[in-house]
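Shown next, in structure tokens, is the structure this report addresses.
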Amino acid sequence: MSQKGKKIPEWCTAAIVQKMYDAVGSAAKERGTRIFSSSRGDIRILYTEAKGSIQVPSESDSKLYKVEIQRQKPKLGTTCNCVAYEIYGPCKHIAAALLALLVECA
Ligand SMILES: [Zn+2]
């Protein structure tokens, strides 16, 4: 997952990512933790100065979901392109993506 020389943007700090993770509901966290531990190597993170795009594998099929972490002042926002996100908000893919980010930012 980590690439040597990859530049971690300023907004990606353990404190900020932890704060975003804390805002995710407990059910999504639980399922996200499962995704993270079973597919950690398949979670791909791309950074720009303004955002992070994280590909998170589906739990049930070979789909990839795209989680975006946007740098919005004064706070950061997370989105996912799955159906659950549209209905319920922060989903298990976001939780898994944030766990992967925590490893990178730590
Ligand atoms: Zn999702």
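The chains in the structure tokens are called A, B, ... from first to last as shown; in each chain the residues are counted from 1, and the ligands are counted from 1 in the order shown.
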
Could you give me, as a PyMOL selection string, every polymer residue with an atom at most 8 Å away from an atom of ligand 1, counting only C-alpha atoms and all ligand atoms? chain A and resi 65-67+79-85+90-94

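Near Leu64 (chain A), within 10 Å and counting only C-alpha atoms, sit Asp42, Ile43, Ile54, Gln55, Val56, Pro57, Ser58, Glu59, Asn81, Cys82 and His93 of chain A, not including residues fewer than 4 positions from it in the same chain.
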
Please write the residues from the selection above to a file, keeping N, CA and C atoms, as a CSV table (one decimal), in the first residue's frame.
```csv
chain,number,residue,atom,x,y,z
A,42,ASP,N,-5.6,-4.2,-0.9
A,42,ASP,CA,-6.3,-3.8,-2.1
A,42,ASP,C,-6.9,-2.4,-2.0
A,43,ILE,N,-6.7,-1.8,-0.8
A,43,ILE,CA,-7.2,-0.4,-0.7
A,43,ILE,C,-6.2,0.5,-1.2
A,54,ILE,N,-9.8,7.2,-2.6
A,54,ILE,CA,-9.4,5.9,-2.1
A,54,ILE,C,-10.4,4.8,-2.7
A,55,GLN,N,-9.8,3.8,-3.3
A,55,GLN,CA,-10.6,2.7,-3.8
A,55,GLN,C,-10.7,1.6,-2.8
A,56,VAL,N,-11.9,1.3,-2.5
A,56,VAL,CA,-12.2,0.3,-1.4
A,56,VAL,C,-12.9,-0.9,-2.0
A,57,PRO,N,-12.4,-2.1,-1.9
A,57,PRO,CA,-13.1,-3.3,-2.5
A,57,PRO,C,-14.4,-3.5,-1.8
A,58,SER,N,-15.4,-4.0,-2.5
A,58,SER,CA,-16.7,-4.4,-1.9
A,58,SER,C,-16.5,-5.7,-1.1
A,59,GLU,N,-17.4,-5.8,-0.1
A,59,GLU,CA,-17.4,-7.0,0.8
A,59,GLU,C,-17.9,-8.2,0.1
A,81,ASN,N,-19.3,6.6,-3.4
A,81,ASN,CA,-20.2,6.4,-4.5
A,81,ASN,C,-21.1,5.2,-4.3
A,82,CYS,N,-21.2,4.6,-3.1
A,82,CYS,CA,-22.2,3.5,-3.0
A,82,CYS,C,-23.6,4.0,-2.6
A,93,HIS,N,-17.4,1.8,3.6
A,93,HIS,CA,-16.2,2.0,2.7
A,93,HIS,C,-15.4,3.2,3.2
```

Which residues, written as a compact mmCIF listing (two decimals) with N, CA and C atoms, in the first residue's frame, have at least one atom at most 12 Å from region 22-27 of chain A, with only C-alpha atoms counted and residues fewer than 2 positions away on the same chain left out?
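As a result, around_31.txt now contains:
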```
# COMPACT_ATOMS: atom_id res chain seq x y z
N ALA A 14 -2.84 12.27 11.41
CA ALA A 14 -3.55 11.27 12.22
C ALA A 14 -4.71 11.92 12.98
N ALA A 15 -4.50 13.13 13.49
CA ALA A 15 -5.55 13.79 14.28
C ALA A 15 -6.78 14.10 13.43
N ILE A 16 -6.55 14.59 12.22
CA ILE A 16 -7.66 14.93 11.33
C ILE A 16 -8.40 13.67 10.88
N VAL A 17 -7.63 12.67 10.48
CA VAL A 17 -8.26 11.43 10.00
C VAL A 17 -9.02 10.75 11.13
N GLN A 18 -8.46 10.77 12.32
CA GLN A 18 -9.13 10.17 13.48
C GLN A 18 -10.46 10.88 13.75
N LYS A 19 -10.47 12.17 13.60
CA LYS A 19 -11.68 12.96 13.82
C LYS A 19 -12.77 12.55 12.81
N MET A 20 -12.37 12.37 11.56
CA MET A 20 -13.32 11.96 10.53
C MET A 20 -13.83 10.55 10.83
N LYS A 29 -18.47 1.47 11.15
CA LYS A 29 -17.11 1.26 11.64
C LYS A 29 -16.80 -0.23 11.75
N GLU A 30 -17.77 -0.96 12.30
CA GLU A 30 -17.57 -2.39 12.50
C GLU A 30 -17.36 -3.10 11.16
N ARG A 31 -18.22 -2.78 10.19
CA ARG A 31 -18.09 -3.41 8.88
C ARG A 31 -16.87 -2.90 8.13
N GLY A 32 -16.54 -1.64 8.33
CA GLY A 32 -15.36 -1.07 7.69
C GLY A 32 -14.09 -1.71 8.21
N THR A 33 -14.07 -2.01 9.50
CA THR A 33 -12.92 -2.67 10.10
C THR A 33 -12.72 -4.05 9.47
N ARG A 34 -13.85 -4.72 9.21
CA ARG A 34 -13.78 -6.04 8.59
C ARG A 34 -13.21 -5.93 7.17
N LEU A 76 -12.88 18.93 6.70
CA LEU A 76 -12.79 18.01 5.58
C LEU A 76 -14.08 17.22 5.48
N GLY A 77 -14.41 16.83 4.26
CA GLY A 77 -15.62 16.04 4.06
C GLY A 77 -15.31 14.73 3.37
N THR A 78 -16.11 13.71 3.66
CA THR A 78 -15.92 12.43 3.00
C THR A 78 -17.17 12.06 2.22
N THR A 79 -16.98 11.45 1.05
CA THR A 79 -18.10 10.92 0.28
C THR A 79 -17.74 9.55 -0.25
N TYR A 85 -24.31 5.16 1.07
CA TYR A 85 -23.88 6.52 1.43
C TYR A 85 -24.95 7.55 1.10
N TYR A 88 -27.79 6.78 3.85
CA TYR A 88 -27.48 6.85 5.29
C TYR A 88 -26.29 7.73 5.65
N GLY A 89 -25.50 8.15 4.67
CA GLY A 89 -24.31 8.92 4.99
C GLY A 89 -23.11 8.02 5.22
N PRO A 90 -22.11 8.48 5.97
CA PRO A 90 -20.83 7.77 6.08
C PRO A 90 -20.98 6.25 6.23
N CYS A 91 -20.38 5.53 5.29
CA CYS A 91 -20.61 4.09 5.15
C CYS A 91 -19.36 3.30 5.54
N LYS A 92 -19.46 1.98 5.41
CA LYS A 92 -18.35 1.09 5.77
C LYS A 92 -17.13 1.32 4.89
N HIS A 93 -17.35 1.76 3.63
CA HIS A 93 -16.21 2.01 2.73
C HIS A 93 -15.41 3.21 3.23
N ILE A 94 -16.14 4.21 3.72
CA ILE A 94 -15.47 5.39 4.28
C ILE A 94 -14.68 4.98 5.52
N ALA A 95 -15.31 4.15 6.37
CA ALA A 95 -14.61 3.69 7.58
C ALA A 95 -13.33 2.94 7.19
N ALA A 96 -13.43 2.03 6.20
CA ALA A 96 -12.25 1.26 5.78
C ALA A 96 -11.18 2.18 5.19
N ALA A 97 -11.62 3.15 4.39
CA ALA A 97 -10.68 4.10 3.76
C ALA A 97 -9.94 4.91 4.82
N LEU A 98 -10.68 5.33 5.85
CA LEU A 98 -10.06 6.15 6.91
C LEU A 98 -9.07 5.32 7.72
N LEU A 99 -9.39 4.05 7.93
CA LEU A 99 -8.44 3.17 8.64
C LEU A 99 -7.16 3.03 7.84
```

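Computed from the coordinates, the CA of Ala50 (chain A) to CA of Ala106 (chain A) distance equals 19.3 Å.
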
May I have all residues of region 5-99 of chain A that DSSP, computed from the backbone, assigns to alpha helix (DSSP H), given as a PyMOL selection string? chain A and resi 14-22+26-39+83-88+92-99

Selected residues, C-alpha atoms, written as a PDB file, in the first residue's frame, please.
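New file result-v1.pdb:
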```pdb
ATOM      1  CA  ALA A  14      -3.547  11.274  12.216  1.00  0.00           C
ATOM      2  CA  ALA A  15      -5.546  13.791  14.282  1.00  0.00           C
ATOM      3  CA  ILE A  16      -7.663  14.932  11.330  1.00  0.00           C
ATOM      4  CA  VAL A  17      -8.256  11.434   9.999  1.00  0.00           C
ATOM      5  CA  GLN A  18      -9.130  10.171  13.476  1.00  0.00           C
ATOM      6  CA  LYS A  19     -11.684  12.957  13.816  1.00  0.00           C
ATOM      7  CA  MET A  20     -13.319  11.955  10.525  1.00  0.00           C
ATOM      8  CA  TYR A  21     -13.309   8.325  11.626  1.00  0.00           C
ATOM      9  CA  ASP A  22     -14.946   9.210  14.938  1.00  0.00           C
ATOM     10  CA  SER A  26     -20.629   2.352  14.901  1.00  0.00           C
ATOM     11  CA  ALA A  27     -22.216  -0.168  12.484  1.00  0.00           C
ATOM     12  CA  ALA A  28     -20.286   1.283   9.547  1.00  0.00           C
ATOM     13  CA  LYS A  29     -17.108   1.261  11.642  1.00  0.00           C
ATOM     14  CA  GLU A  30     -17.572  -2.389  12.496  1.00  0.00           C
ATOM     15  CA  ARG A  31     -18.094  -3.414   8.878  1.00  0.00           C
ATOM     16  CA  GLY A  32     -15.363  -1.072   7.690  1.00  0.00           C
ATOM     17  CA  THR A  33     -12.918  -2.671  10.098  1.00  0.00           C
ATOM     18  CA  ARG A  34     -13.782  -6.043   8.588  1.00  0.00           C
ATOM     19  CA  ILE A  35     -13.170  -4.754   5.057  1.00  0.00           C
ATOM     20  CA  PHE A  36      -9.941  -3.124   6.138  1.00  0.00           C
ATOM     21  CA  SER A  37      -8.536  -6.250   7.775  1.00  0.00           C
ATOM     22  CA  SER A  38      -9.526  -8.574   4.943  1.00  0.00           C
ATOM     23  CA  SER A  39      -8.470  -6.396   2.008  1.00  0.00           C
ATOM     24  CA  VAL A  83     -25.938   3.453  -2.523  1.00  0.00           C
ATOM     25  CA  ALA A  84     -25.760   3.246   1.278  1.00  0.00           C
ATOM     26  CA  TYR A  85     -23.877   6.520   1.426  1.00  0.00           C
ATOM     27  CA  GLU A  86     -26.610   8.310  -0.500  1.00  0.00           C
ATOM     28  CA  ILE A  87     -29.231   7.081   1.934  1.00  0.00           C
ATOM     29  CA  TYR A  88     -27.481   6.853   5.291  1.00  0.00           C
ATOM     30  CA  LYS A  92     -18.349   1.090   5.769  1.00  0.00           C
ATOM     31  CA  HIS A  93     -16.205   2.007   2.735  1.00  0.00           C
ATOM     32  CA  ILE A  94     -15.469   5.388   4.280  1.00  0.00           C
ATOM     33  CA  ALA A  95     -14.606   3.686   7.576  1.00  0.00           C
ATOM     34  CA  ALA A  96     -12.254   1.256   5.781  1.00  0.00           C
ATOM     35  CA  ALA A  97     -10.681   4.096   3.762  1.00  0.00           C
ATOM     36  CA  LEU A  98     -10.063   6.150   6.905  1.00  0.00           C
ATOM     37  CA  LEU A  99      -8.445   3.174   8.641  1.00  0.00           C
TER      38      LEU A  99
END
```

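CA of Thr13 (chain A) is positioned 20.7 Å from CA of Gly41 (chain A).
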